[in-house]
$ cat structure_37.cif   # mmCIF, C-alpha atoms and all ligand atoms
data_data
#
loop_
_atom_site.label_atom_id
_atom_site.label_comp_id
_atom_site.auth_asym_id
_atom_site.auth_seq_id
_atom_site.Cartn_x
_atom_site.Cartn_y
_atom_site.Cartn_z
CA MET Y 1202 0.00 0.00 0.00
CA ALA Y 1203 1.16 3.51 -0.77
CA ASP Y 1204 2.34 5.73 2.05
CA GLN Y 1205 -0.48 7.91 3.27
CA ILE Y 1206 -1.21 11.23 4.93
CA ILE Y 1207 -4.45 11.20 6.88
CA ILE Y 1208 -6.05 14.61 7.22
CA LYS Y 1209 -7.67 15.64 10.51
CA THR Y 1210 -11.45 15.55 10.71
CA GLY Y 1211 -12.84 18.81 9.34
CA ARG Y 1212 -9.54 19.94 7.78
CA GLU Y 1213 -10.02 18.68 4.22
CA LYS Y 1214 -11.95 21.67 2.90
CA SER Y 1215 -9.08 23.40 1.10
CA LEU Y 1216 -8.10 20.12 -0.59
CA ARG Y 1217 -11.70 19.62 -1.69
CA ARG Y 1218 -11.38 23.09 -3.21
CA ARG Y 1219 -8.28 21.80 -5.02
CA HIS Y 1220 -5.82 24.04 -3.25
CA PRO Y 1221 -2.53 22.13 -3.54
CA TRP Y 1222 -0.99 22.74 -0.10
CA VAL Y 1223 -1.30 20.49 2.96
CA PHE Y 1224 -0.16 22.31 6.10
CA SER Y 1225 1.38 20.34 8.93
CA GLY Y 1226 -1.42 21.42 11.30
CA ALA Y 1227 -4.04 19.73 9.13
CA ILE Y 1228 -2.37 16.32 9.33
CA HIS Y 1229 -3.65 13.66 11.69
CA LYS Y 1230 -1.10 10.99 10.85
CA VAL Y 1231 1.50 9.86 8.34
CA LEU Y 1232 1.34 6.15 7.53
CA GLY Y 1233 4.53 4.49 6.29
CA GLU Y 1234 7.91 6.14 5.95
CA PRO Y 1235 7.81 8.26 2.82
CA GLU Y 1236 11.16 9.52 1.59
CA LEU Y 1237 11.88 13.22 1.18
CA GLY Y 1238 9.78 14.34 -1.80
CA ALA Y 1239 8.23 10.95 -2.56
CA SER Y 1240 4.59 10.64 -3.51
CA VAL Y 1241 2.00 9.99 -0.80
CA GLU Y 1242 -1.72 9.46 -0.97
CA VAL Y 1243 -3.67 12.10 0.93
CA VAL Y 1244 -6.89 10.77 2.42
CA ASN Y 1245 -9.55 12.05 4.80
CA ASP Y 1246 -10.45 10.47 8.15
CA LYS Y 1247 -12.77 8.02 6.35
CA GLY Y 1248 -9.97 6.88 4.04
CA GLN Y 1249 -11.40 8.70 1.01
CA PHE Y 1250 -8.85 9.79 -1.57
CA LEU Y 1251 -8.13 13.55 -1.74
CA GLY Y 1252 -4.97 13.77 -3.83
CA THR Y 1253 -1.50 12.44 -4.63
CA ALA Y 1254 1.11 14.74 -3.11
CA ALA Y 1255 4.84 15.16 -2.64
CA TYR Y 1256 5.99 14.77 0.94
CA SER Y 1257 8.01 17.64 2.47
CA PRO Y 1258 8.80 16.44 6.02
CA HIS Y 1259 10.77 19.59 7.00
CA SER Y 1260 8.38 22.24 5.75
CA GLN Y 1261 5.24 23.74 7.28
CA ILE Y 1262 3.72 23.00 3.89
CA ARG Y 1263 4.06 19.30 4.58
CA ALA Y 1264 2.78 18.11 1.21
CA ARG Y 1265 2.01 19.61 -2.21
CA VAL Y 1266 -0.57 17.94 -4.37
CA TRP Y 1267 0.53 16.86 -7.83
CA SER Y 1268 -2.86 15.51 -8.85
CA PHE Y 1269 -6.40 15.36 -7.50
CA ASP Y 1270 -7.19 12.44 -9.79
CA GLN Y 1271 -6.72 9.04 -8.19
CA ASN Y 1272 -5.95 7.42 -11.54
CA THR Y 1273 -3.05 9.71 -12.47
CA PRO Y 1274 0.30 8.20 -11.58
CA ILE Y 1275 3.07 10.73 -10.92
CA ASP Y 1276 5.42 9.51 -13.62
CA ARG Y 1277 7.23 10.77 -16.71
CA GLU Y 1278 3.97 10.98 -18.69
CA PHE Y 1279 2.45 13.16 -15.96
CA PHE Y 1280 5.31 15.69 -16.08
CA LYS Y 1281 5.35 15.62 -19.87
CA GLN Y 1282 1.64 16.40 -20.04
CA ARG Y 1283 1.91 19.30 -17.55
CA ILE Y 1284 4.92 20.84 -19.32
CA THR Y 1285 3.42 20.58 -22.81
CA THR Y 1286 0.11 22.03 -21.59
CA ALA Y 1287 2.00 24.95 -20.10
CA GLN Y 1288 4.09 25.45 -23.26
CA ALA Y 1289 0.97 25.52 -25.46
CA LEU Y 1290 -0.20 28.75 -23.76
CA ARG Y 1291 3.20 30.39 -24.23
CA ASP Y 1292 3.31 29.35 -27.90
CA VAL Y 1293 0.15 31.30 -28.59
CA LEU Y 1294 0.51 34.35 -26.39
CA ILE Y 1295 4.14 34.99 -25.64
CA ALA Y 1296 6.48 33.48 -28.22
CA PRO Y 1297 5.40 35.97 -30.94
CA HIS Y 1298 6.83 38.86 -28.85
CA THR Y 1299 9.89 37.37 -27.24
CA ASN Y 1300 12.17 34.36 -26.93
CA ALA Y 1301 12.24 34.68 -23.14
CA TYR Y 1302 9.34 33.64 -20.97
CA ARG Y 1303 8.29 31.49 -18.05
CA VAL Y 1304 7.56 28.03 -19.41
CA VAL Y 1305 6.27 26.58 -16.13
CA ALA Y 1306 5.06 28.70 -13.23
CA GLY Y 1307 4.89 26.24 -10.32
CA GLU Y 1308 1.51 25.73 -8.67
CA SER Y 1309 -0.18 27.87 -11.31
CA ASP Y 1310 0.78 25.36 -14.00
CA GLY Y 1311 0.01 22.34 -11.85
CA LEU Y 1312 3.65 21.68 -10.93
CA PRO Y 1313 4.17 22.88 -7.34
CA GLY Y 1314 7.72 24.00 -6.66
CA VAL Y 1315 8.82 23.89 -10.31
CA THR Y 1316 9.84 27.06 -12.12
CA ILE Y 1317 11.23 26.83 -15.66
CA ASP Y 1318 12.21 29.99 -17.54
CA ARG Y 1319 13.33 30.12 -21.13
CA TYR Y 1320 16.02 32.57 -22.25
CA ALA Y 1321 16.64 32.01 -25.97
CA ASP Y 1322 18.29 28.55 -26.10
CA TYR Y 1323 18.67 28.24 -22.32
CA LEU Y 1324 16.11 26.79 -19.96
CA VAL Y 1325 16.69 27.82 -16.37
CA CYS Y 1326 15.09 25.62 -13.71
CA GLN Y 1327 14.39 26.49 -10.13
CA LEU Y 1328 13.27 23.48 -8.09
CA MET Y 1329 11.89 24.73 -4.81
CA SER Y 1330 10.17 21.79 -3.15
CA ALA Y 1331 11.21 18.33 -2.04
CA GLY Y 1332 8.81 16.87 -4.60
CA ALA Y 1333 10.30 18.85 -7.46
CA MET Y 1334 13.76 17.74 -6.39
CA TYR Y 1335 12.67 14.08 -6.09
CA HIS Y 1336 11.64 14.13 -9.75
CA GLN Y 1337 14.51 16.29 -11.00
CA ASP Y 1338 16.04 13.65 -13.27
CA THR Y 1339 12.70 13.10 -14.98
CA ILE Y 1340 12.23 16.86 -15.38
CA PHE Y 1341 15.71 17.46 -16.83
CA SER Y 1342 15.46 14.51 -19.20
CA LEU Y 1343 12.01 15.65 -20.38
CA LEU Y 1344 13.34 19.12 -21.08
CA GLU Y 1345 16.10 17.54 -23.13
CA GLU Y 1346 13.49 15.61 -25.11
CA LEU Y 1347 10.96 18.44 -25.54
CA TYR Y 1348 13.47 21.25 -26.23
CA PRO Y 1349 16.22 19.57 -28.26
CA SER Y 1350 17.87 22.89 -29.14
CA CYS Y 1351 18.11 24.06 -25.52
CA ASN Y 1352 20.64 23.77 -22.74
CA VAL Y 1353 19.27 23.33 -19.22
CA TYR Y 1354 20.78 25.21 -16.30
CA GLU Y 1355 19.68 24.78 -12.67
CA ARG Y 1356 19.34 27.82 -10.38
CA SER Y 1357 17.92 26.19 -7.25
CA ASP Y 1358 19.73 28.65 -5.01
CA ILE Y 1359 16.92 30.30 -3.11
CA ASP Y 1360 16.20 30.31 0.62
CA VAL Y 1361 13.01 28.25 0.49
CA ARG Y 1362 15.13 25.24 -0.42
CA GLN Y 1363 16.44 25.25 3.14
CA LYS Y 1364 12.92 25.26 4.60
CA GLU Y 1365 12.35 22.13 2.54
CA GLY Y 1366 15.51 20.51 3.91
CA LEU Y 1367 17.25 20.75 0.54
CA LYS Y 1368 20.74 21.93 -0.30
CA LEU Y 1369 21.24 24.70 -2.80
CA ALA Y 1370 21.99 23.39 -6.28
CA THR Y 1371 23.22 25.22 -9.37
CA GLY Y 1372 24.92 24.28 -12.61
CA PRO Y 1373 24.37 22.92 -16.10
CA ARG Y 1374 22.09 19.87 -16.25
CA VAL Y 1375 21.76 19.38 -20.01
CA GLY Y 1376 24.35 20.77 -22.40
CA VAL Y 1377 26.69 23.49 -21.22
CA ALA Y 1378 26.69 26.60 -19.05
CA PRO Y 1379 26.76 29.83 -21.05
CA SER Y 1380 30.23 31.33 -21.38
CA GLU Y 1381 28.77 34.84 -21.53
CA MET Y 1382 25.45 36.53 -20.93
CA VAL Y 1383 22.49 35.17 -22.89
CA VAL Y 1384 20.99 37.81 -25.17
CA ILE Y 1385 17.21 37.62 -25.43
CA GLU Y 1386 14.82 39.65 -27.53
CA GLU Y 1387 11.80 41.25 -25.91
CA ASN Y 1388 9.35 43.32 -27.94
CA GLY Y 1389 12.12 44.03 -30.46
CA LEU Y 1390 14.76 45.01 -27.88
CA LYS Y 1391 17.90 43.04 -27.09
CA ILE Y 1392 18.53 42.34 -23.42
CA ALA Y 1393 21.50 40.56 -21.89
CA VAL Y 1394 20.63 38.14 -19.10
CA ASP Y 1395 23.09 36.76 -16.60
CA ILE Y 1396 21.45 33.41 -15.87
CA ILE Y 1397 24.30 32.29 -13.60
CA ASN Y 1398 24.50 35.25 -11.21
CA GLY Y 1399 21.45 37.41 -11.96
CA HIS Y 1400 18.45 37.83 -9.65
CA LYS Y 1401 15.91 34.99 -9.63
CA THR Y 1402 16.65 33.07 -12.83
CA GLY Y 1403 18.30 36.12 -14.37
CA TYR Y 1404 15.59 38.57 -15.37
CA TYR Y 1405 12.14 39.88 -14.34
CA LEU Y 1406 10.06 38.30 -17.08
CA ASP Y 1407 6.83 39.08 -15.23
CA GLN Y 1408 7.13 42.83 -15.96
CA ARG Y 1409 7.35 42.49 -19.75
CA ASP Y 1410 3.89 44.00 -20.41
CA ALA Y 1411 4.43 46.81 -17.91
CA ARG Y 1412 7.74 47.70 -19.56
CA ALA Y 1413 5.98 47.89 -22.93
CA ALA Y 1414 3.23 50.01 -21.37
CA ILE Y 1415 5.69 52.84 -20.66
CA ARG Y 1416 6.26 53.56 -24.37
CA PRO Y 1417 3.36 55.95 -25.10
CA TYR Y 1418 4.26 58.23 -22.18
CA VAL Y 1419 7.97 58.91 -22.59
CA HIS Y 1420 8.69 60.68 -25.89
CA ASN Y 1421 10.73 63.85 -25.12
CA LYS Y 1422 10.14 63.31 -21.41
CA LYS Y 1423 12.38 63.10 -18.39
CA VAL Y 1424 12.13 59.59 -16.91
CA LEU Y 1425 13.19 58.31 -13.49
CA ASN Y 1426 13.46 54.51 -13.33
CA CYS Y 1427 13.72 53.44 -9.69
CA PHE Y 1428 14.82 49.90 -8.79
CA SER Y 1429 15.99 49.61 -12.38
CA TYR Y 1430 17.83 46.26 -12.18
CA THR Y 1431 19.32 45.78 -15.67
CA GLY Y 1432 17.51 48.86 -16.94
CA GLY Y 1433 14.39 47.31 -18.50
CA PHE Y 1434 11.98 50.25 -18.20
CA GLY Y 1435 14.81 52.69 -18.91
CA LEU Y 1436 15.77 50.85 -22.11
CA TYR Y 1437 12.18 50.91 -23.38
CA ALA Y 1438 12.03 54.64 -22.54
CA ALA Y 1439 15.33 55.43 -24.29
CA ALA Y 1440 14.24 53.46 -27.37
CA ALA Y 1441 10.94 55.36 -27.42
CA GLY Y 1442 12.69 58.73 -27.51
CA ALA Y 1443 12.86 59.89 -23.90
CA ALA Y 1444 14.70 63.21 -23.46
CA GLU Y 1445 16.47 61.93 -20.36
CA VAL Y 1446 16.47 58.69 -18.37
CA VAL Y 1447 17.87 58.10 -14.88
CA ASN Y 1448 18.20 54.47 -13.73
CA VAL Y 1449 18.62 54.00 -9.97
CA ASP Y 1450 19.59 50.72 -8.31
CA VAL Y 1451 21.84 49.54 -5.47
CA SER Y 1452 23.39 46.82 -7.59
CA GLN Y 1453 26.43 47.89 -9.62
CA PRO Y 1454 26.47 44.64 -11.69
CA ALA Y 1455 22.83 45.30 -12.65
CA LEU Y 1456 23.65 48.90 -13.66
CA ASP Y 1457 26.62 47.66 -15.71
CA ILE Y 1458 24.35 45.28 -17.60
CA SER Y 1459 21.93 48.17 -18.17
CA GLN Y 1460 24.72 50.15 -19.85
CA HIS Y 1461 25.60 47.09 -21.93
CA ASN Y 1462 21.94 46.67 -22.95
CA LEU Y 1463 21.84 50.22 -24.31
CA ALA Y 1464 24.86 49.46 -26.48
CA LEU Y 1465 23.29 46.19 -27.68
CA ASN Y 1466 20.44 48.28 -29.07
CA GLY Y 1467 22.57 51.02 -30.60
CA LEU Y 1468 21.54 53.42 -27.82
CA GLN Y 1469 24.98 53.90 -26.25
CA ASP Y 1470 24.74 57.64 -26.88
CA ALA Y 1471 21.19 58.01 -25.60
CA PRO Y 1472 20.77 60.43 -22.66
CA VAL Y 1473 20.73 57.75 -19.96
CA GLN Y 1474 22.34 58.08 -16.54
CA HIS Y 1475 23.06 55.32 -14.05
CA VAL Y 1476 22.97 56.13 -10.36
CA LYS Y 1477 24.09 53.57 -7.81
CA ALA Y 1478 22.06 54.54 -4.76
CA ASP Y 1479 19.39 53.56 -2.31
CA VAL Y 1480 16.10 54.63 -3.90
CA PHE Y 1481 14.68 55.96 -0.60
CA GLU Y 1482 17.68 58.27 -0.23
CA GLN Y 1483 17.81 59.27 -3.87
CA LEU Y 1484 14.13 60.23 -3.90
CA ARG Y 1485 14.65 62.31 -0.77
CA LYS Y 1486 17.54 64.10 -2.48
CA TYR Y 1487 15.34 64.99 -5.44
CA ALA Y 1488 12.58 66.14 -3.08
CA GLU Y 1489 15.05 68.45 -1.32
CA SER Y 1490 16.64 69.78 -4.49
CA GLY Y 1491 13.30 70.34 -6.21
CA GLU Y 1492 14.20 68.26 -9.28
CA LYS Y 1493 11.08 66.96 -11.06
CA PHE Y 1494 10.41 64.06 -13.48
CA ASP Y 1495 7.68 63.60 -16.07
CA VAL Y 1496 7.56 59.81 -15.75
CA ILE Y 1497 8.56 57.84 -12.66
CA VAL Y 1498 8.78 54.06 -12.32
CA LEU Y 1499 8.78 52.43 -8.87
CA ASP Y 1500 9.40 48.69 -9.17
CA PRO Y 1501 10.74 47.68 -5.75
CA PRO Y 1502 11.67 44.17 -4.63
CA LYS Y 1503 9.24 42.23 -2.46
CA PHE Y 1504 8.84 44.17 0.81
CA VAL Y 1505 6.44 41.67 2.44
CA ASP Y 1506 7.65 38.17 3.17
CA SER Y 1507 5.36 37.31 6.08
CA LYS Y 1508 2.12 38.60 7.56
CA ALA Y 1509 4.20 40.04 10.42
CA SER Y 1510 6.10 42.29 8.04
CA LEU Y 1511 3.00 43.71 6.31
CA ASN Y 1512 2.74 46.94 8.32
CA ARG Y 1513 6.39 47.79 7.98
CA ALA Y 1514 6.25 47.01 4.29
CA CYS Y 1515 3.23 49.30 3.82
CA ARG Y 1516 5.24 52.13 5.35
CA GLY Y 1517 8.00 51.41 2.84
CA TYR Y 1518 5.57 51.45 -0.10
CA LYS Y 1519 3.98 54.63 1.23
CA ASP Y 1520 7.34 56.38 1.62
CA ILE Y 1521 8.54 55.81 -1.93
CA ASN Y 1522 5.13 56.60 -3.42
CA ARG Y 1523 4.83 59.82 -1.37
CA LEU Y 1524 8.27 60.95 -2.47
CA ALA Y 1525 7.55 60.00 -6.10
CA ALA Y 1526 4.21 61.86 -6.05
CA HIS Y 1527 6.08 64.86 -4.65
CA ILE Y 1528 8.70 64.99 -7.40
CA LEU Y 1529 6.31 64.17 -10.25
CA ALA Y 1530 6.12 67.10 -12.70
CA PRO Y 1531 2.70 68.62 -13.43
CA GLY Y 1532 0.77 66.19 -15.64
CA GLY Y 1533 3.42 63.55 -14.95
CA VAL Y 1534 2.84 59.79 -14.96
CA LEU Y 1535 3.72 57.38 -12.16
CA PHE Y 1536 4.17 53.64 -12.73
CA THR Y 1537 4.04 52.00 -9.32
CA PHE Y 1538 4.25 48.29 -8.56
CA SER Y 1539 4.13 45.76 -5.77
CA CYS Y 1540 5.28 42.18 -6.19
CA SER Y 1541 4.33 41.24 -2.61
CA GLY Y 1542 1.71 38.50 -2.85
CA LEU Y 1543 0.64 39.13 0.73
CA LEU Y 1544 -0.26 42.75 -0.05
CA SER Y 1545 -3.68 42.76 -1.68
CA ASN Y 1546 -4.53 44.89 -4.67
CA GLU Y 1547 -6.97 46.89 -2.55
CA LEU Y 1548 -4.49 47.56 0.20
CA PHE Y 1549 -1.80 48.52 -2.30
CA GLN Y 1550 -4.13 51.06 -3.90
CA LYS Y 1551 -5.01 52.42 -0.45
CA VAL Y 1552 -1.32 52.83 0.42
CA VAL Y 1553 -0.75 54.74 -2.83
CA ALA Y 1554 -3.81 56.90 -2.08
CA ASP Y 1555 -2.44 57.71 1.39
CA ALA Y 1556 0.90 58.57 -0.19
CA CYS Y 1557 -0.75 60.99 -2.63
CA LEU Y 1558 -2.68 62.56 0.22
CA ASP Y 1559 0.50 63.17 2.20
CA ALA Y 1560 2.21 64.58 -0.89
CA ASN Y 1561 -0.81 66.81 -1.43
CA ARG Y 1562 -1.18 65.69 -5.06
CA ASP Y 1563 -4.27 64.53 -6.93
CA LEU Y 1564 -3.50 61.59 -9.19
CA GLN Y 1565 -5.87 59.50 -11.28
CA ILE Y 1566 -5.51 55.81 -12.14
CA ILE Y 1567 -5.37 55.54 -15.90
CA ASP Y 1568 -4.45 51.88 -16.15
CA ARG Y 1569 -3.51 48.80 -14.15
CA THR Y 1570 -1.00 46.09 -14.86
CA GLN Y 1571 -0.36 42.61 -13.56
CA GLN Y 1572 2.15 39.84 -14.10
CA THR Y 1573 2.37 38.68 -17.70
CA ALA Y 1574 0.34 35.75 -19.04
CA ASP Y 1575 3.32 33.40 -18.75
CA HIS Y 1576 2.83 33.80 -14.99
CA PRO Y 1577 -0.82 32.71 -14.94
CA VAL Y 1578 -2.89 32.31 -11.79
CA HIS Y 1579 -4.48 28.93 -11.15
CA ILE Y 1580 -8.10 29.55 -10.23
CA HIS Y 1581 -7.73 27.37 -7.12
CA TYR Y 1582 -4.44 28.97 -6.09
CA PRO Y 1583 -5.20 32.69 -5.80
CA GLU Y 1584 -1.84 33.26 -4.04
CA GLY Y 1585 -0.37 32.97 -7.53
CA TRP Y 1586 -1.40 36.59 -8.22
CA TYR Y 1587 1.43 38.55 -6.66
CA LEU Y 1588 2.35 41.37 -9.03
CA LYS Y 1589 0.15 44.40 -9.47
CA GLY Y 1590 0.74 47.84 -10.87
CA LEU Y 1591 -0.97 51.19 -11.14
CA ILE Y 1592 -0.37 53.77 -13.84
CA LEU Y 1593 -1.37 57.16 -12.49
CA ARG Y 1594 -1.38 60.68 -13.91
CA ALA Y 1595 -0.98 63.90 -11.97
CA MET Y 1596 -4.08 66.04 -12.51
CA ASP Y 1597 -2.38 69.42 -12.77
N1 LIG L 1601 12.28 46.95 -12.92
C1 LIG L 1601 13.22 45.87 -13.07
C2 LIG L 1601 13.14 44.87 -11.93
C3 LIG L 1601 13.38 45.45 -10.56
S1 LIG L 1601 13.80 44.26 -9.36
C4 LIG L 1601 13.02 45.21 -14.43
O1 LIG L 1601 12.08 45.59 -15.16
O2 LIG L 1601 13.80 44.33 -14.78
C5 LIG L 1601 14.20 45.21 -7.96
C6 LIG L 1601 15.55 45.87 -7.98
O3 LIG L 1601 15.63 46.71 -6.83
C7 LIG L 1601 16.78 44.98 -7.91
O4 LIG L 1601 17.60 45.25 -9.00
C8 LIG L 1601 17.51 45.39 -6.61
O5 LIG L 1601 18.92 45.44 -6.77
C9 LIG L 1601 16.99 46.77 -6.38
N2 LIG L 1601 16.93 47.27 -5.01
C10 LIG L 1601 16.49 46.65 -3.90
N3 LIG L 1601 16.45 47.48 -2.85
C11 LIG L 1601 16.89 48.70 -3.30
C12 LIG L 1601 17.05 49.99 -2.72
N4 LIG L 1601 16.74 50.20 -1.44
N5 LIG L 1601 17.49 51.00 -3.50
C13 LIG L 1601 17.80 50.80 -4.80
N6 LIG L 1601 17.63 49.60 -5.42
C14 LIG L 1601 17.19 48.57 -4.69
#
$ encode --input "structure_37.cif" --output "structure tokens" --more "lines below"
Ligand code: SAH
Amino acid sequence: MADQIIIKTGREKSLRRRHPWVFSGAIHKVLGEPELGASVEVVNDKGQFLGTAAYSPHSQIRARVWSFDQNTPIDREFFKQRITTAQALRDVLIAPHTNAYRVVAGESDGLPGVTIDRYADYLVCQLMSAGAMYHQDTIFSLLEELYPSCNVYERSDIDVRQKEGLKLATGPRVGVAPSEMVVIEENGLKIAVDIINGHKTGYYLDQRDARAAIRPYVHNKKVLNCFSYTGGFGLYAAAAGAAEVVNVDVSQPALDISQHNLALNGLQDAPVQHVKADVFEQLRKYAESGEKFDVIVLDPPKFVDSKASLNRACRGYKDINRLAAHILAPGGVLFTFSCSGLLSNELFQKVVADACLDANRDLQIIDRTQQTADHPVHIHYPEGWYLKGLILRAMD
């Protein structure tokens, strides 16, 4: 008999709603001795089947459901079907605009803990759960079969691995590691991606649509791109004829890549500055000096990583948005984002409203953005919606 997790009486509701996570507190008993990441049958107190899940003995999320169908074995065919289903969406919606996109977005594509990003002929995998790790050989060999022209590189070097009791793992898994940065094409622009040392798997693919959305607003304008990373929004602005662009980030390697990206697109002489600074301090400097910008982008890293940090994070969001509203030129446009899943859309909008109030500016929301379609949200996993953005215009 398969190893089993028996759920406590009355605690099966979220599984019945096909949410894939089994928290340790919902478990009555584990029968057998499942290995780290191996498949277990999840059943209710009457022995009725709820799902087949991967066992994560060290994590609060003690199991992640692969399938709610009792007749679906978790084998090579299973992974192949999930990956090809995911790829089919990208083929239609994303591939026409870029050769870099998220191929598999974890829970939202029915593969908890598995992230696969494509950068031209490199696939970068992040395996974040014990279950994903348990099946890694199958996953790598399937990628070799399904993407014969691609190399596969693993970037499983993020903190959650430790919560799962897993060591960090990086390196080439199929083919070779790139000897230099991988150059992708996004909406007609060339962008160099450092898949070995860059943030996440190398680049913020989820902001592709938001970057494109800046284009109509920037011609002949002065643009401030805060938290610029490798200069994405700034590059789009420069290419669309901005009069001046200032990229601000704390990371010198990211700013260096930004400079390189301009050159890749023949924009080495464009009026773009790079400022290595803390955005909070830099915005305060502009507020004191009275310098104004026509378009401001605020794309900070995740400020909220637990419910306990929500209040502090809101103060952070409010600070940068207040300062940005303050230094926005009359009629200027603010692009402001939050990638904190724990901060709701409503609360984010309220924080921005409070910031405008404190800055004594009236802004209007003219558009909203969210993560791109290659980061879909599974209807039964609403946590998958983490990135939201507001495009606002100063009404003066
Ligand atoms: N807009 C970018 C992604 C931004 S990611 C794009 O489209 O690709 C967030 C960035 O914020 C990272 O590059 C990180 O180095 C930077 N960062 C984090 N905290 C910062 C701070 N206090 N001041 C300046 N930059 C910061």
$ atom_distance --input "structure_37.cif" --atom1 "CA of Leu1324 (chain Y)" --atom2 "CA of Glu1236 (chain Y)"
28.1 Å
$ residues_near_ligand --input "structure_37.cif" --ligand "ligand LIG 1601 (chain L)" --cutoff "7 Å" --atoms "only C-alpha atoms and all ligand atoms" --output "list in words"
Tyr1404, Tyr1405, Gln1408, Arg1412, Cys1427, Phe1428, Ser1429, Tyr1430, Thr1431, Gly1432, Gly1433, Phe1434, Val1449, Asp1450, Val1451, Ser1452, Ala1455, Ala1478, Asp1479, Val1480, Phe1481, Asp1500, Pro1501 and Pro1502 of chain Y
$ residues_around --input "structure_37.cif" --residues "Lys1230 (chain Y)" --least-positions-apart "3" --cutoff "9 Å" --atoms "only C-alpha atoms" --output "CSV table (one decimal) with C-alpha atoms, in the coordinates of the input"
chain,number,residue,atom,x,y,z
Y,1205,GLN,CA,-0.5,7.9,3.3
Y,1206,ILE,CA,-1.2,11.2,4.9
Y,1207,ILE,CA,-4.4,11.2,6.9
Y,1208,ILE,CA,-6.0,14.6,7.2
Y,1209,LYS,CA,-7.7,15.6,10.5
$ residues_around --input "structure_37.cif" --residues "Pro1313 (chain Y)" --least-positions-apart "6" --cutoff "10 Å" --atoms "only C-alpha atoms" --output "list in words"
Pro1221, Trp1222, Ala1254, Ala1255, Ala1264, Arg1265, Val1266, Trp1267, Val1305, Ala1306, Gly1307, Leu1328, Met1329, Ser1330, Ala1331, Gly1332 and Ala1333 of chain Y
$ residues_around --input "structure_37.cif" --residues "region 1334-1340 of chain Y" --least-positions-apart "4" --cutoff "9 Å" --atoms "all atoms listed in the file" --output "list in words"
Leu1237, Gly1238, Ala1239, Ala1255, Asp1276, Arg1277, Phe1280, Lys1281, Gly1314, Val1315, Leu1328, Met1329, Ser1330, Leu1344, Glu1345 and Leu1367 of chain Y
$ residues_around --input "structure_37.cif" --residues "Asn1522 (chain Y)" --least-positions-apart "4" --cutoff "9 Å" --atoms "all atoms listed in the file" --output "list in words"
Leu1499, Gly1517, Tyr1518, Ala1526, His1527, Leu1535, Thr1537, Val1552, Val1553, Ala1556, Cys1557 and Ala1560 of chain Y
$ atom_distance --input "structure_37.cif" --atom1 "CA of Arg1303 (chain Y)" --atom2 "CA of His1576 (chain Y)"
6.7 Å
$ atom_distance --input "structure_37.cif" --atom1 "CA of Glu1584 (chain Y)" --atom2 "CA of His1220 (chain Y)"
10.1 Å
$ residues_around --input "structure_37.cif" --residues "Met1596 (chain Y)" --least-positions-apart "6" --cutoff "9 Å" --atoms "all atoms listed in the file" --output "MDAnalysis selection string"
chainID Y and resid 1531:1533 1562:1565
$ write_last_selection --input "structure_37.cif" --atoms "C-alpha atoms" --output "PDB file, in the coordinates of the input"
ATOM      1  CA  PRO Y1531       2.700  68.620 -13.430  1.00  0.00           C
ATOM      2  CA  GLY Y1532       0.770  66.190 -15.640  1.00  0.00           C
ATOM      3  CA  GLY Y1533       3.420  63.550 -14.950  1.00  0.00           C
ATOM      4  CA  ARG Y1562      -1.180  65.690  -5.060  1.00  0.00           C
ATOM      5  CA  ASP Y1563      -4.270  64.530  -6.930  1.00  0.00           C
ATOM      6  CA  LEU Y1564      -3.500  61.590  -9.190  1.00  0.00           C
ATOM      7  CA  GLN Y1565      -5.870  59.500 -11.280  1.00  0.00           C
TER       8      GLN Y1565
END
$ closest_residue --input "structure_37.cif" --among "Y:Phe1494, Y:Tyr1323, Y:Phe1269, Y:Phe1341" --to "Val1244 (chain Y)" --atoms "only C-alpha atoms"
Y:Phe1269
$ closest_residue --input "structure_37.cif" --among "Y:Thr1316, Y:Gln1550, Y:Ser1545, Y:Ser1380" --to "Lys1519 (chain Y)" --atoms "all atoms listed in the file"
Y:Gln1550
$ closest_residue --input "structure_37.cif" --among "Y:Lys1589, Y:Arg1362, Y:Arg1416, Y:Lys1508" --to "Phe1549 (chain Y)" --atoms "all atoms listed in the file"
Y:Lys1589
$ axis_aligned_box --input "structure_37.cif" --around "region 1323-1337 of chain Y" --padding-each-side "6 Å" --output "lines of an AutoDock Vina configuration file"
center_x = 13.7
center_y = 21.2
center_z = -12.2
size_x = 21.9
size_y = 26.2
size_z = 32.3
$ residues_near_point --input "structure_37.cif" --point "(14.7, 36.7, -12.3)" --cutoff "12 Å" --atoms "only C-alpha atoms" --output "ChimeraX atom specification"
/Y:1301-1303,1316-1320,1325-1327,1356,1358-1359,1394-1409,1430-1431,1455,1502
$ closest_residue --input "structure_37.cif" --among "Y:Met1202, Y:Ala1440, Y:Val1361, Y:Val1384" --to "Asp1322 (chain Y)" --atoms "all atoms listed in the file"
Y:Val1384
$ closest_residue --input "structure_37.cif" --among "Y:Gln1453, Y:Asn1448, Y:Ser1510, Y:Ser1541" --to "Val1498 (chain Y)" --atoms "all atoms listed in the file"
Y:Asn1448
$ closest_residue --input "structure_37.cif" --among "Y:Ala1227, Y:Leu1347, Y:Tyr1418, Y:Ser1240" --to "Gln1282 (chain Y)" --atoms "only C-alpha atoms"
Y:Leu1347
